>>> print(open('input_29.txt').read())   # compact mmCIF, C-alpha atoms and all ligand atoms
# COMPACT_ATOMS: atom_id res chain seq x y z
CA MET A 1362 -151.95 373.23 79.79
CA THR A 1363 -148.27 373.64 78.87
CA ALA A 1364 -147.55 373.90 75.18
CA LEU A 1365 -144.84 371.69 73.77
CA ALA A 1366 -142.94 374.64 72.29
CA PRO A 1367 -141.40 372.70 69.41
CA SER A 1368 -137.83 373.84 69.06
CA ALA A 1369 -137.34 373.41 65.34
CA PRO A 1370 -137.84 375.82 62.46
CA PRO A 1371 -139.93 377.16 60.82
CA ALA A 1372 -140.23 380.08 63.20
CA THR A 1373 -143.89 380.73 63.77
CA THR A 1374 -145.18 383.88 62.14
CA PRO A 1375 -148.02 384.62 64.57
CA ASP A 1376 -146.96 386.05 67.90
CA PRO A 1377 -146.68 383.17 70.44
CA ALA A 1378 -149.24 385.07 72.54
CA CYS A 1379 -151.66 384.34 69.74
CA PHE A 1380 -151.56 380.64 70.60
CA SER A 1381 -152.23 381.08 74.30
CA ALA A 1382 -155.15 383.37 73.45
CA ILE A 1383 -156.96 380.44 71.81
CA ALA A 1384 -159.04 378.54 74.37
CA ARG A 1385 -158.78 374.76 74.41
CA GLU A 1386 -162.50 374.35 73.67
CA ARG A 1387 -161.93 376.21 70.38
CA LEU A 1388 -159.34 373.64 69.27
CA PRO A 1389 -161.68 371.28 67.34
CA ALA A 1390 -163.03 374.22 65.33
CA LEU A 1391 -159.52 375.53 64.75
CA LEU A 1392 -158.26 372.13 63.59
CA ARG A 1393 -161.16 371.79 61.18
CA ARG A 1394 -160.94 375.32 59.84
CA MET A 1395 -157.18 375.53 59.43
CA PRO A 1396 -155.85 375.17 55.89
CA LYS A 1397 -153.64 372.11 55.50
CA ALA A 1398 -151.99 369.65 53.13
CA GLU A 1399 -152.55 365.90 53.12
CA LEU A 1400 -149.39 364.05 52.11
CA HIS A 1401 -150.06 360.44 53.08
CA LEU A 1402 -153.30 359.18 51.62
CA HIS A 1403 -153.80 355.97 49.64
CA ILE A 1404 -156.64 356.59 47.22
CA GLU A 1405 -157.65 352.91 47.39
CA GLY A 1406 -157.94 353.44 51.16
CA THR A 1407 -160.73 355.97 50.62
CA LEU A 1408 -163.11 353.37 49.14
CA GLU A 1409 -166.04 353.55 51.53
CA PRO A 1410 -168.16 350.38 51.92
CA GLU A 1411 -171.12 352.13 50.24
CA LEU A 1412 -168.99 352.87 47.17
CA ILE A 1413 -167.58 349.32 47.17
CA PHE A 1414 -171.15 348.00 46.94
CA ARG A 1415 -172.14 350.56 44.30
CA LEU A 1416 -169.13 349.74 42.09
CA ALA A 1417 -169.62 345.99 42.54
CA ALA A 1418 -173.22 346.33 41.36
CA ARG A 1419 -172.21 348.57 38.44
CA ASN A 1420 -169.57 346.06 37.34
CA GLY A 1421 -171.74 342.95 37.88
CA LEU A 1422 -169.54 341.59 40.68
CA SER A 1423 -170.67 339.79 43.80
CA LEU A 1424 -169.08 340.47 47.16
CA PRO A 1425 -168.44 337.97 49.96
CA TYR A 1426 -170.39 340.25 52.37
CA PRO A 1427 -174.21 340.53 52.35
CA SER A 1428 -174.30 344.24 53.32
CA VAL A 1429 -172.38 347.44 53.91
CA ASP A 1430 -172.64 346.88 57.67
CA THR A 1431 -171.22 343.36 57.57
CA LEU A 1432 -168.36 344.59 55.40
CA ARG A 1433 -167.63 347.45 57.82
CA ALA A 1434 -167.78 345.01 60.72
CA ALA A 1435 -164.93 343.05 59.08
CA TYR A 1436 -162.61 346.03 59.59
CA ALA A 1437 -161.05 344.65 62.77
CA PHE A 1438 -157.35 344.51 62.06
CA THR A 1439 -154.56 343.00 64.12
CA ASP A 1440 -151.62 344.36 62.12
CA LEU A 1441 -150.67 345.84 58.74
CA GLN A 1442 -150.97 342.56 56.83
CA SER A 1443 -154.47 341.79 58.16
CA PHE A 1444 -155.55 345.20 56.84
CA LEU A 1445 -153.78 344.85 53.48
CA ASP A 1446 -155.58 341.55 52.80
CA VAL A 1447 -158.98 343.30 53.05
CA TYR A 1448 -157.77 346.46 51.28
CA TYR A 1449 -156.50 344.60 48.18
CA ALA A 1450 -159.64 342.43 48.02
CA ALA A 1451 -161.93 345.49 48.17
CA ALA A 1452 -159.95 347.26 45.43
CA SER A 1453 -161.02 344.52 43.00
CA VAL A 1454 -164.34 346.33 42.43
CA LEU A 1455 -162.40 349.02 40.54
CA ARG A 1456 -162.56 348.13 36.85
CA GLU A 1457 -163.34 351.11 34.64
CA GLU A 1458 -161.90 354.60 34.31
CA ALA A 1459 -165.15 355.99 35.80
CA ASP A 1460 -164.63 353.84 38.92
CA PHE A 1461 -161.22 355.40 39.56
CA PHE A 1462 -162.65 358.83 38.89
CA ASP A 1463 -165.59 358.34 41.27
CA MET A 1464 -163.32 357.09 44.05
CA ALA A 1465 -160.89 359.99 43.74
CA TRP A 1466 -163.63 362.58 43.32
CA ALA A 1467 -165.37 361.40 46.49
CA TYR A 1468 -162.12 361.82 48.42
CA LEU A 1469 -161.33 365.23 46.92
CA GLU A 1470 -164.78 366.59 47.73
CA ARG A 1471 -164.35 365.51 51.35
CA ALA A 1472 -160.82 366.85 51.52
CA ALA A 1473 -161.81 370.24 50.13
CA ALA A 1474 -164.65 370.45 52.66
CA GLN A 1475 -162.03 369.91 55.40
CA ASN A 1476 -159.88 372.82 54.14
CA VAL A 1477 -157.27 370.58 52.58
CA LEU A 1478 -155.64 372.89 50.03
CA CYS A 1479 -153.12 370.39 48.73
CA ALA A 1480 -153.37 366.60 48.46
CA GLU A 1481 -150.48 364.43 47.28
CA ILE A 1482 -152.25 361.16 46.67
CA PHE A 1483 -150.77 357.65 46.54
CA PHE A 1484 -152.09 355.08 44.13
CA ASP A 1485 -151.14 351.40 43.79
CA PRO A 1486 -151.23 350.56 40.06
CA GLN A 1487 -149.93 347.01 40.52
CA THR A 1488 -153.04 346.12 42.53
CA HIS A 1489 -155.06 346.86 39.40
CA THR A 1490 -152.78 345.85 36.52
CA ALA A 1491 -152.37 342.41 38.17
CA ARG A 1492 -156.16 341.97 37.66
CA GLY A 1493 -155.95 342.94 33.99
CA VAL A 1494 -156.97 346.59 34.41
CA PRO A 1495 -154.76 348.65 32.06
CA PHE A 1496 -152.48 351.23 33.69
CA GLU A 1497 -154.05 353.80 31.41
CA THR A 1498 -157.52 353.17 32.86
CA VAL A 1499 -156.26 353.80 36.39
CA ILE A 1500 -154.28 356.95 35.70
CA ARG A 1501 -156.83 358.55 33.40
CA GLY A 1502 -159.61 358.23 35.98
CA LEU A 1503 -157.47 359.53 38.84
CA HIS A 1504 -155.95 362.35 36.82
CA HIS A 1505 -159.34 363.53 35.58
CA ALA A 1506 -160.56 363.78 39.20
CA CYS A 1507 -157.45 365.77 40.19
CA GLN A 1508 -157.91 368.19 37.30
CA ARG A 1509 -161.59 368.70 38.01
CA ALA A 1510 -160.88 369.18 41.72
CA HIS A 1511 -158.44 371.94 40.88
CA ALA A 1512 -160.95 373.67 38.63
CA GLU A 1513 -164.07 373.24 40.77
CA LEU A 1514 -162.84 372.83 44.35
CA GLY A 1515 -159.65 374.90 44.24
CA ILE A 1516 -157.57 372.06 45.64
CA GLU A 1517 -154.08 371.20 44.33
CA ALA A 1518 -154.21 367.45 43.84
CA ARG A 1519 -151.19 365.47 42.61
CA LEU A 1520 -150.52 361.74 42.22
CA ILE A 1521 -147.67 359.63 43.61
CA LEU A 1522 -147.25 356.16 42.15
CA CYS A 1523 -146.46 353.56 44.81
CA PHE A 1524 -144.58 350.34 44.16
CA LEU A 1525 -145.80 347.37 46.18
CA ARG A 1526 -142.83 346.21 48.25
CA HIS A 1527 -144.06 342.61 48.58
CA LEU A 1528 -143.51 342.28 44.82
CA SER A 1529 -140.11 342.18 43.12
CA GLU A 1530 -137.98 345.05 41.88
CA ASP A 1531 -138.35 343.69 38.33
CA GLU A 1532 -142.11 344.08 38.68
CA ALA A 1533 -141.59 347.66 39.91
CA PHE A 1534 -139.45 348.34 36.81
CA ALA A 1535 -142.20 346.90 34.58
CA THR A 1536 -144.73 349.21 36.26
CA LEU A 1537 -142.43 352.18 35.76
CA GLU A 1538 -142.22 351.32 32.03
CA GLN A 1539 -146.02 351.26 31.80
CA ALA A 1540 -146.19 354.58 33.65
CA LEU A 1541 -143.65 356.52 31.60
CA PRO A 1542 -146.06 357.54 28.81
CA TRP A 1543 -148.06 359.19 31.64
CA ARG A 1544 -145.02 360.76 33.26
CA HIS A 1545 -146.67 364.18 33.50
CA HIS A 1546 -149.69 362.81 35.34
CA PHE A 1547 -147.73 361.97 38.52
CA ILE A 1548 -145.11 363.85 40.52
CA GLY A 1549 -143.28 361.06 42.26
CA VAL A 1550 -143.01 357.49 43.44
CA GLY A 1551 -143.44 355.83 46.81
CA LEU A 1552 -143.08 352.41 48.39
CA ASP A 1553 -145.91 350.77 50.32
CA SER A 1554 -147.52 347.44 51.31
CA SER A 1555 -146.04 344.82 53.69
CA GLU A 1556 -143.03 346.40 55.33
CA ARG A 1557 -141.46 343.63 57.40
CA GLY A 1558 -139.12 341.43 55.36
CA HIS A 1559 -139.12 343.90 52.44
CA PRO A 1560 -136.39 346.43 53.23
CA PRO A 1561 -135.85 349.52 51.09
CA GLU A 1562 -132.61 348.06 49.64
CA LYS A 1563 -134.77 345.71 47.56
CA PHE A 1564 -135.79 348.74 45.43
CA ALA A 1565 -132.45 350.56 45.20
CA ARG A 1566 -132.13 350.40 41.40
CA VAL A 1567 -135.69 351.35 40.51
CA PHE A 1568 -135.60 354.33 42.89
CA ALA A 1569 -132.27 355.43 41.37
CA ARG A 1570 -133.93 355.37 37.95
CA CYS A 1571 -136.92 357.35 39.24
CA ARG A 1572 -134.59 359.99 40.69
CA GLU A 1573 -132.80 360.23 37.31
CA LEU A 1574 -136.21 360.82 35.73
CA GLY A 1575 -136.72 363.79 38.05
CA LEU A 1576 -139.49 362.18 40.06
CA HIS A 1577 -139.95 362.95 43.75
CA VAL A 1578 -139.23 359.93 45.96
CA VAL A 1579 -140.85 358.92 49.26
CA ALA A 1580 -141.19 355.60 51.08
CA HIS A 1581 -143.11 354.00 53.93
CA ALA A 1582 -140.58 353.11 56.61
CA GLY A 1583 -140.64 352.66 60.36
CA GLU A 1584 -144.38 351.90 60.55
CA GLU A 1585 -143.90 348.28 61.61
CA GLY A 1586 -140.31 347.99 60.39
CA PRO A 1587 -137.25 348.96 62.44
CA PRO A 1588 -135.33 352.27 62.40
CA ALA A 1589 -132.80 350.57 60.06
CA TYR A 1590 -135.47 350.67 57.35
CA ILE A 1591 -135.79 354.44 57.79
CA GLU A 1592 -132.00 354.75 57.51
CA ALA A 1593 -132.01 352.64 54.34
CA ALA A 1594 -134.85 354.71 52.87
CA LEU A 1595 -132.70 357.81 53.43
CA ASP A 1596 -129.31 356.39 52.43
CA VAL A 1597 -130.21 353.93 49.68
CA LEU A 1598 -133.44 355.26 48.22
CA GLN A 1599 -132.56 358.89 49.03
CA VAL A 1600 -136.16 359.71 49.83
CA GLU A 1601 -137.38 363.25 50.45
CA ARG A 1602 -140.05 362.22 52.98
CA ILE A 1603 -140.62 359.23 55.22
CA ASP A 1604 -144.16 357.88 55.41
CA HIS A 1605 -144.97 357.00 59.03
CA GLY A 1606 -141.44 356.86 60.50
CA VAL A 1607 -142.79 356.70 64.05
CA ARG A 1608 -140.24 354.07 65.09
CA CYS A 1609 -137.40 356.55 64.53
CA LEU A 1610 -137.55 357.42 68.24
CA GLU A 1611 -135.85 354.09 68.97
CA SER A 1612 -132.64 355.56 67.49
CA PRO A 1613 -131.46 358.92 68.88
CA ASP A 1614 -128.84 359.23 66.10
CA LEU A 1615 -131.53 358.79 63.47
CA VAL A 1616 -133.74 361.39 65.14
CA ARG A 1617 -130.85 363.86 65.06
CA ARG A 1618 -130.33 363.21 61.36
CA LEU A 1619 -134.01 363.54 60.49
CA ALA A 1620 -134.30 366.75 62.50
CA ALA A 1621 -131.11 368.30 61.09
CA ARG A 1622 -132.18 367.62 57.50
CA ARG A 1623 -135.83 368.44 58.20
CA ILE A 1624 -136.93 365.22 56.55
CA PRO A 1625 -140.72 365.22 56.92
CA LEU A 1626 -142.50 362.32 58.61
CA THR A 1627 -146.07 361.81 57.39
CA VAL A 1628 -147.63 360.41 60.54
CA CYS A 1629 -151.09 358.78 60.57
CA PRO A 1630 -152.43 358.52 64.13
CA LEU A 1631 -155.75 356.70 63.59
CA SER A 1632 -154.03 354.23 61.26
CA ASN A 1633 -151.36 353.55 63.88
CA VAL A 1634 -154.00 352.68 66.47
CA LYS A 1635 -156.11 350.55 64.09
CA LEU A 1636 -153.03 348.59 62.98
CA ARG A 1637 -151.78 348.31 66.57
CA VAL A 1638 -148.58 350.27 66.18
CA PHE A 1639 -149.79 352.09 69.35
CA ASP A 1640 -152.34 350.82 71.87
CA SER A 1641 -154.31 354.05 71.85
CA LEU A 1642 -154.11 357.67 70.68
CA ALA A 1643 -153.23 358.67 74.24
CA ARG A 1644 -150.04 356.60 73.89
CA HIS A 1645 -149.10 357.89 70.43
CA ASN A 1646 -145.60 359.38 70.17
CA LEU A 1647 -146.66 362.43 68.13
CA PRO A 1648 -145.90 364.84 71.04
CA ALA A 1649 -142.44 363.29 71.45
CA LEU A 1650 -141.76 363.57 67.71
CA LEU A 1651 -142.61 367.28 67.88
CA VAL A 1652 -140.49 367.85 70.96
CA ALA A 1653 -137.61 366.17 69.12
CA GLY A 1654 -137.87 368.96 66.55
CA LEU A 1655 -138.96 366.71 63.69
CA CYS A 1656 -140.93 367.99 60.71
CA VAL A 1657 -144.06 365.98 61.52
CA THR A 1658 -147.34 366.12 59.60
CA VAL A 1659 -150.69 364.46 60.37
CA ASN A 1660 -152.45 362.44 57.67
CA SER A 1661 -155.23 359.89 57.27
CA ASP A 1662 -153.52 357.00 55.36
CA ASP A 1663 -156.62 354.85 54.56
CA PRO A 1664 -159.50 356.84 56.04
CA ALA A 1665 -162.33 354.54 54.91
CA TYR A 1666 -160.75 351.76 56.98
CA PHE A 1667 -159.28 353.56 59.96
CA GLY A 1668 -162.16 355.60 61.32
CA GLY A 1669 -161.81 358.99 59.76
CA TYR A 1670 -160.42 361.55 57.37
CA LEU A 1671 -157.86 364.21 58.14
CA ASP A 1672 -160.00 366.34 60.45
CA GLN A 1673 -160.99 363.29 62.48
CA ASN A 1674 -157.32 362.37 62.86
CA LEU A 1675 -156.49 365.85 64.11
CA VAL A 1676 -159.48 366.32 66.39
CA GLU A 1677 -159.25 362.88 68.01
CA THR A 1678 -155.48 363.07 68.42
CA PHE A 1679 -155.60 366.51 70.06
CA ALA A 1680 -158.46 365.36 72.31
CA ALA A 1681 -156.42 362.36 73.47
CA LEU A 1682 -153.15 364.22 74.03
CA PRO A 1683 -153.48 367.26 76.31
CA GLN A 1684 -149.89 368.32 75.50
CA LEU A 1685 -151.13 369.31 72.04
CA GLY A 1686 -152.62 372.79 71.77
CA ALA A 1687 -152.95 375.68 69.31
CA ALA A 1688 -149.17 376.07 68.90
CA GLU A 1689 -148.82 372.44 67.85
CA ALA A 1690 -151.83 372.72 65.51
CA TYR A 1691 -150.06 375.62 63.80
CA VAL A 1692 -146.76 373.75 63.51
CA LEU A 1693 -148.44 370.65 62.06
CA ALA A 1694 -150.35 372.62 59.43
CA ARG A 1695 -147.32 374.70 58.56
CA ASN A 1696 -145.14 371.58 58.32
CA SER A 1697 -147.68 370.04 55.95
CA PHE A 1698 -147.19 372.92 53.51
CA GLU A 1699 -143.42 372.98 53.96
CA ALA A 1700 -143.24 369.21 53.34
CA SER A 1701 -145.40 369.26 50.20
CA PHE A 1702 -143.91 369.20 46.72
CA ALA A 1703 -145.89 372.29 45.71
CA PRO A 1704 -144.17 375.38 44.25
CA ALA A 1705 -142.80 377.89 46.78
CA VAL A 1706 -145.28 380.61 45.77
CA LEU A 1707 -148.23 378.37 46.58
CA LYS A 1708 -146.68 377.35 49.90
CA ALA A 1709 -146.21 381.01 50.84
CA ALA A 1710 -149.83 381.82 49.96
CA TRP A 1711 -151.09 378.86 52.03
CA VAL A 1712 -148.97 379.85 55.04
CA ALA A 1713 -150.37 383.40 54.79
CA GLN A 1714 -153.90 381.94 54.96
CA LEU A 1715 -152.88 379.85 57.94
CA ASP A 1716 -151.44 382.86 59.76
CA ALA A 1717 -154.57 384.90 59.11
CA LEU A 1718 -156.80 382.17 60.51
CA PHE A 1719 -154.77 381.83 63.71
CA GLN A 1720 -154.77 385.58 64.21
CA ALA A 1721 -158.55 385.65 63.75
CA PHE A 1722 -159.01 382.85 66.29
CA ALA A 1723 -156.74 384.64 68.76
CA LEU A 1724 -158.97 387.72 68.44
CA GLY A 1725 -162.05 385.58 69.02
CA GLN A 1726 -163.13 386.06 65.41
CA GLY A 1727 -162.61 382.47 64.26
N1 LIG A 1801 -150.99 350.59 51.80
C1 LIG A 1801 -152.09 351.22 52.21
N2 LIG A 1801 -151.95 351.62 53.49
C2 LIG A 1801 -150.70 351.24 53.88
C3 LIG A 1801 -149.97 351.38 55.08
N3 LIG A 1801 -150.46 351.99 56.16
N4 LIG A 1801 -148.74 350.85 55.13
C4 LIG A 1801 -148.24 350.23 54.07
N5 LIG A 1801 -148.89 350.08 52.91
C5 LIG A 1801 -150.12 350.60 52.81
ZN ZN A 1802 -149.64 354.50 54.07
>>> encode(input="input_29.txt", output="C-alpha cells", more="lines below")
Ligand code: ADE
Ligand code: ZN
Amino acid sequence: MTALAPSAPPATTPDPACFSAIARERLPALLRRMPKAELHLHIEGTLEPELIFRLAARNGLSLPYPSVDTLRAAYAFTDLQSFLDVYYAAASVLREEADFFDMAWAYLERAAAQNVLCAEIFFDPQTHTARGVPFETVIRGLHHACQRAHAELGIEARLILCFLRHLSEDEAFATLEQALPWRHHFIGVGLDSSERGHPPEKFARVFARCRELGLHVVAHAGEEGPPAYIEAALDVLQVERIDHGVRCLESPDLVRRLAARRIPLTVCPLSNVKLRVFDSLARHNLPALLVAGLCVTVNSDDPAYFGGYLDQNLVETFAALPQLGAAEAYVLARNSFEASFAPAVLKAAWVAQLDALFQAFALGQG
C-alpha cells in the first residue's frame, strides 16, 4: 500500500523506514496504543443512553422512550439539525452538579483508557441555563471531573465554552457575563449548533471580546456550511482552529491559506457519516486533506450518538481507507498535540512518547 507521504511540517522524528516496518495488520493496535489529544468533543455528546436513564431516574424525570434500546434506536439522523434536536432533548436530564460530574468523569475514564493524554472539551452552557440550571452548577461539575482526571488518570483535561449559534449574539454576551467569575475554569470559547443560516459574522463582537480577555477561540465551520463560513471564522472571528472544516477542499485558495498558516482542522469521521456529510467512511476526504498538507486531527465529536469514541473513529477510518497507514497515524497523533492549547513542554513530552511507541512497533515490540 502506498503511503500518502503528507508534505507538510512537522517533520517526522522517526525514520520513515520505521513506518514501512509496521505491518498493516498491526495498525488497529497501533492506533489504539498511540498517545493522542482529543480536541473536538462535546461533553453533552458523551451522554450514553444508560446514563440518560440513570440520571432521569435520579432526578425524577420521565423519558419519552420506554428503554435504553428504544432510545438508541432513535439515533437515525438525516442531517445536523435532526441530531441536534435529540441531543438537546437528552441533555435535559442534567440537573445537578453531580450529573455534570458523572457525565464528564465517564468520558474521561474512557478517554484515558484509549491513551488520550489531553482532552479539550466543549460544553454548551446555554442548553442548561435556558432550563434554569445555574451556570455555576454546570461548570463546577465539569471542572471537578477535569481536576480529578488529572490527579487520578494523568490526563490533561480543559474546558472550552461553546456559544450556540442558533441563538443571538446578545445571548452569547449574557452567557459570557455569567462565565466570567469562572474565567479560570475554561481555556477558550467555541461556536457550535446549527451552522447553516448562522454565519460566523453573527458573533464578531462577542469573539472580539473573548480574544481581548485572552481566551482561545475556535469555531465549527465547513461541516454543513460553505467554505465562506471557514473564511469568515478565520477573518472575522480570528479563530485558532476550525472544527470540522471538511468543506474547505471546495476552495483551493482557502486550502492554501489553511495549510500555510497551519490552522488545525478537527475532523470527526464517524460524525460526518452519521450526519450525512459523507456517504461512507470510504468516501471521506481525510486522505485528501492530508495530501493537501493541512494540519488535520481526528476526533469523536458526539461519541455516544455517532457510534464510537476516538479509537473507534481511528480504527474504522483507517480500515475503510487503504491510503492511510502508519505514517498517517503518526502525523494525525502528532498534529493533535501540535494543535492543542497545552504548554510547549507538555507537547514535547507527548511527542517523545509518540516517537518511542512508533519505534517500538517498528521493532516488533509494540
Ligand atoms: N453540537 C454538538 N455536536 C455538534 C456538531 N457536530 N456540529 C455542530 N454543533 C454540535
Ligand atoms: Zn462538534
>>> residues_around(input="input_29.txt", residues="A:His1545", least_positions_apart="2", cutoff="12 Å", atoms="only C-alpha atoms", output="count of residues only")
17
>>> residues_near_ligand(input="input_29.txt", ligand="ligand ZN 1802 (chain A)", cutoff="12 Å", atoms="only C-alpha atoms and all ligand atoms", output="PyMOL selection string")
chain A and resi 1399-1407+1441+1444-1445+1448+1482-1485+1521+1523-1525+1551-1556+1579-1585+1603-1606+1626-1633+1636+1659-1664+1666-1667
>>> write_last_selection(input="input_29.txt", atoms="C-alpha atoms", output="PDB file, in the frame of the given file")
ATOM      1  CA  GLU A1399    -152.550 365.900  53.120  1.00  0.00           C
ATOM      2  CA  LEU A1400    -149.390 364.050  52.110  1.00  0.00           C
ATOM      3  CA  HIS A1401    -150.060 360.440  53.080  1.00  0.00           C
ATOM      4  CA  LEU A1402    -153.300 359.180  51.620  1.00  0.00           C
ATOM      5  CA  HIS A1403    -153.800 355.970  49.640  1.00  0.00           C
ATOM      6  CA  ILE A1404    -156.640 356.590  47.220  1.00  0.00           C
ATOM      7  CA  GLU A1405    -157.650 352.910  47.390  1.00  0.00           C
ATOM      8  CA  GLY A1406    -157.940 353.440  51.160  1.00  0.00           C
ATOM      9  CA  THR A1407    -160.730 355.970  50.620  1.00  0.00           C
ATOM     10  CA  LEU A1441    -150.670 345.840  58.740  1.00  0.00           C
ATOM     11  CA  PHE A1444    -155.550 345.200  56.840  1.00  0.00           C
ATOM     12  CA  LEU A1445    -153.780 344.850  53.480  1.00  0.00           C
ATOM     13  CA  TYR A1448    -157.770 346.460  51.280  1.00  0.00           C
ATOM     14  CA  ILE A1482    -152.250 361.160  46.670  1.00  0.00           C
ATOM     15  CA  PHE A1483    -150.770 357.650  46.540  1.00  0.00           C
ATOM     16  CA  PHE A1484    -152.090 355.080  44.130  1.00  0.00           C
ATOM     17  CA  ASP A1485    -151.140 351.400  43.790  1.00  0.00           C
ATOM     18  CA  ILE A1521    -147.670 359.630  43.610  1.00  0.00           C
ATOM     19  CA  CYS A1523    -146.460 353.560  44.810  1.00  0.00           C
ATOM     20  CA  PHE A1524    -144.580 350.340  44.160  1.00  0.00           C
ATOM     21  CA  LEU A1525    -145.800 347.370  46.180  1.00  0.00           C
ATOM     22  CA  GLY A1551    -143.440 355.830  46.810  1.00  0.00           C
ATOM     23  CA  LEU A1552    -143.080 352.410  48.390  1.00  0.00           C
ATOM     24  CA  ASP A1553    -145.910 350.770  50.320  1.00  0.00           C
ATOM     25  CA  SER A1554    -147.520 347.440  51.310  1.00  0.00           C
ATOM     26  CA  SER A1555    -146.040 344.820  53.690  1.00  0.00           C
ATOM     27  CA  GLU A1556    -143.030 346.400  55.330  1.00  0.00           C
ATOM     28  CA  VAL A1579    -140.850 358.920  49.260  1.00  0.00           C
ATOM     29  CA  ALA A1580    -141.190 355.600  51.080  1.00  0.00           C
ATOM     30  CA  HIS A1581    -143.110 354.000  53.930  1.00  0.00           C
ATOM     31  CA  ALA A1582    -140.580 353.110  56.610  1.00  0.00           C
ATOM     32  CA  GLY A1583    -140.640 352.660  60.360  1.00  0.00           C
ATOM     33  CA  GLU A1584    -144.380 351.900  60.550  1.00  0.00           C
ATOM     34  CA  GLU A1585    -143.900 348.280  61.610  1.00  0.00           C
ATOM     35  CA  ILE A1603    -140.620 359.230  55.220  1.00  0.00           C
ATOM     36  CA  ASP A1604    -144.160 357.880  55.410  1.00  0.00           C
ATOM     37  CA  HIS A1605    -144.970 357.000  59.030  1.00  0.00           C
ATOM     38  CA  GLY A1606    -141.440 356.860  60.500  1.00  0.00           C
ATOM     39  CA  LEU A1626    -142.500 362.320  58.610  1.00  0.00           C
ATOM     40  CA  THR A1627    -146.070 361.810  57.390  1.00  0.00           C
ATOM     41  CA  VAL A1628    -147.630 360.410  60.540  1.00  0.00           C
ATOM     42  CA  CYS A1629    -151.090 358.780  60.570  1.00  0.00           C
ATOM     43  CA  PRO A1630    -152.430 358.520  64.130  1.00  0.00           C
ATOM     44  CA  LEU A1631    -155.750 356.700  63.590  1.00  0.00           C
ATOM     45  CA  SER A1632    -154.030 354.230  61.260  1.00  0.00           C
ATOM     46  CA  ASN A1633    -151.360 353.550  63.880  1.00  0.00           C
ATOM     47  CA  LEU A1636    -153.030 348.590  62.980  1.00  0.00           C
ATOM     48  CA  VAL A1659    -150.690 364.460  60.370  1.00  0.00           C
ATOM     49  CA  ASN A1660    -152.450 362.440  57.670  1.00  0.00           C
ATOM     50  CA  SER A1661    -155.230 359.890  57.270  1.00  0.00           C
ATOM     51  CA  ASP A1662    -153.520 357.000  55.360  1.00  0.00           C
ATOM     52  CA  ASP A1663    -156.620 354.850  54.560  1.00  0.00           C
ATOM     53  CA  PRO A1664    -159.500 356.840  56.040  1.00  0.00           C
ATOM     54  CA  TYR A1666    -160.750 351.760  56.980  1.00  0.00           C
ATOM     55  CA  PHE A1667    -159.280 353.560  59.960  1.00  0.00           C
TER      56      PHE A1667
END
>>> atom_distance(input="input_29.txt", atom1="atom CA of A:Gly1654", atom2="atom CA of A:Pro1613")
12.1 Å
>>> closest_residue(input="input_29.txt", among="A:Gln1487, A:Glu1411, A:Ile1383, A:Pro1377", to="ligand LIG 1801 (chain A)", atoms="all atoms listed in the file")
A:Gln1487
>>> residues_around(input="input_29.txt", residues="A:Gly1686", least_positions_apart="2", cutoff="12 Å", atoms="all atoms listed in the file", output="ChimeraX atom specification")
/A:1362-1367,1379-1389,1391-1392,1648,1675-1676,1678-1684,1688-1693
>>> closest_residue(input="input_29.txt", among="A:Pro1427, A:Gly1421, A:Gly1502, A:Gly1586", to="ligand LIG 1801 (chain A)", atoms="all atoms listed in the file")
A:Gly1586
>>> residues_around(input="input_29.txt", residues="A:Gly1727", least_positions_apart="5", cutoff="7 Å", atoms="only C-alpha atoms", output="ChimeraX atom specification")
/A:1718,1721-1722
>>> write_last_selection(input="input_29.txt", atoms="C-alpha atoms", output="CSV table (one decimal), in the frame of the given file")
chain,number,residue,atom,x,y,z
A,1718,LEU,CA,-156.8,382.2,60.5
A,1721,ALA,CA,-158.6,385.6,63.8
A,1722,PHE,CA,-159.0,382.8,66.3
>>> closest_residue(input="input_29.txt", among="A:Ala1713, A:Ala1723, A:Ile1591, A:Leu1598", to="A:Val1550", atoms="only C-alpha atoms")
A:Leu1598
>>> axis_aligned_box(input="input_29.txt", around="stretch 1555-1561 of chain A", padding_each_side="3 Å", output="JSON")
{"center_x": -140.9, "center_y": 345.5, "center_z": 54.2, "size_x": 16.2, "size_y": 14.1, "size_z": 12.3}
>>> atom_distance(input="input_29.txt", atom1="atom CA of A:Glu1611", atom2="atom CA of A:Phe1438")
24.5 Å
>>> atom_distance(input="input_29.txt", atom1="atom CA of A:Ala1569", atom2="atom CA of A:Val1597")
8.7 Å
>>> residues_around(input="input_29.txt", residues="A:Glu1530", least_positions_apart="3", cutoff="8 Å", atoms="only C-alpha atoms", output="VMD selection string")
chain A and resid 1533 to 1534 1563 to 1564 1566 to 1567
>>> decode(input="input_29.txt", residues="stretch 1681-1688 of chain A", atoms="N, CA and C atoms", output="mmCIF file, in the first residue's frame")
data_model
loop_
_atom_site.group_PDB
_atom_site.id
_atom_site.type_symbol
_atom_site.label_atom_id
_atom_site.label_comp_id
_atom_site.auth_asym_id
_atom_site.auth_seq_id
_atom_site.Cartn_x
_atom_site.Cartn_y
_atom_site.Cartn_z
ATOM 1 N N ALA A 1681 -11.310 1.677 6.488
ATOM 2 C CA ALA A 1681 -12.089 1.999 5.284
ATOM 3 C C ALA A 1681 -11.248 2.665 4.198
ATOM 4 N N LEU A 1682 -10.104 3.202 4.586
ATOM 5 C CA LEU A 1682 -9.306 3.997 3.634
ATOM 6 C C LEU A 1682 -7.903 3.411 3.530
ATOM 7 N N PRO A 1683 -7.667 2.559 2.539
ATOM 8 C CA PRO A 1683 -6.368 1.872 2.466
ATOM 9 C C PRO A 1683 -5.192 2.807 2.218
ATOM 10 N N GLN A 1684 -5.459 4.059 1.829
ATOM 11 C CA GLN A 1684 -4.342 5.015 1.667
ATOM 12 C C GLN A 1684 -3.736 5.386 3.006
ATOM 13 N N LEU A 1685 -4.465 5.136 4.099
ATOM 14 C CA LEU A 1685 -3.983 5.551 5.423
ATOM 15 C C LEU A 1685 -3.209 4.418 6.083
ATOM 16 N N GLY A 1686 -1.966 4.696 6.433
ATOM 17 C CA GLY A 1686 -1.129 3.679 7.083
ATOM 18 C C GLY A 1686 -0.429 4.260 8.308
ATOM 19 N N ALA A 1687 0.671 3.627 8.691
ATOM 20 C CA ALA A 1687 1.366 4.023 9.936
ATOM 21 C C ALA A 1687 1.869 5.468 9.859
ATOM 22 N N ALA A 1688 2.320 5.901 8.678
ATOM 23 C CA ALA A 1688 2.834 7.280 8.561
ATOM 24 C C ALA A 1688 1.720 8.288 8.839
#
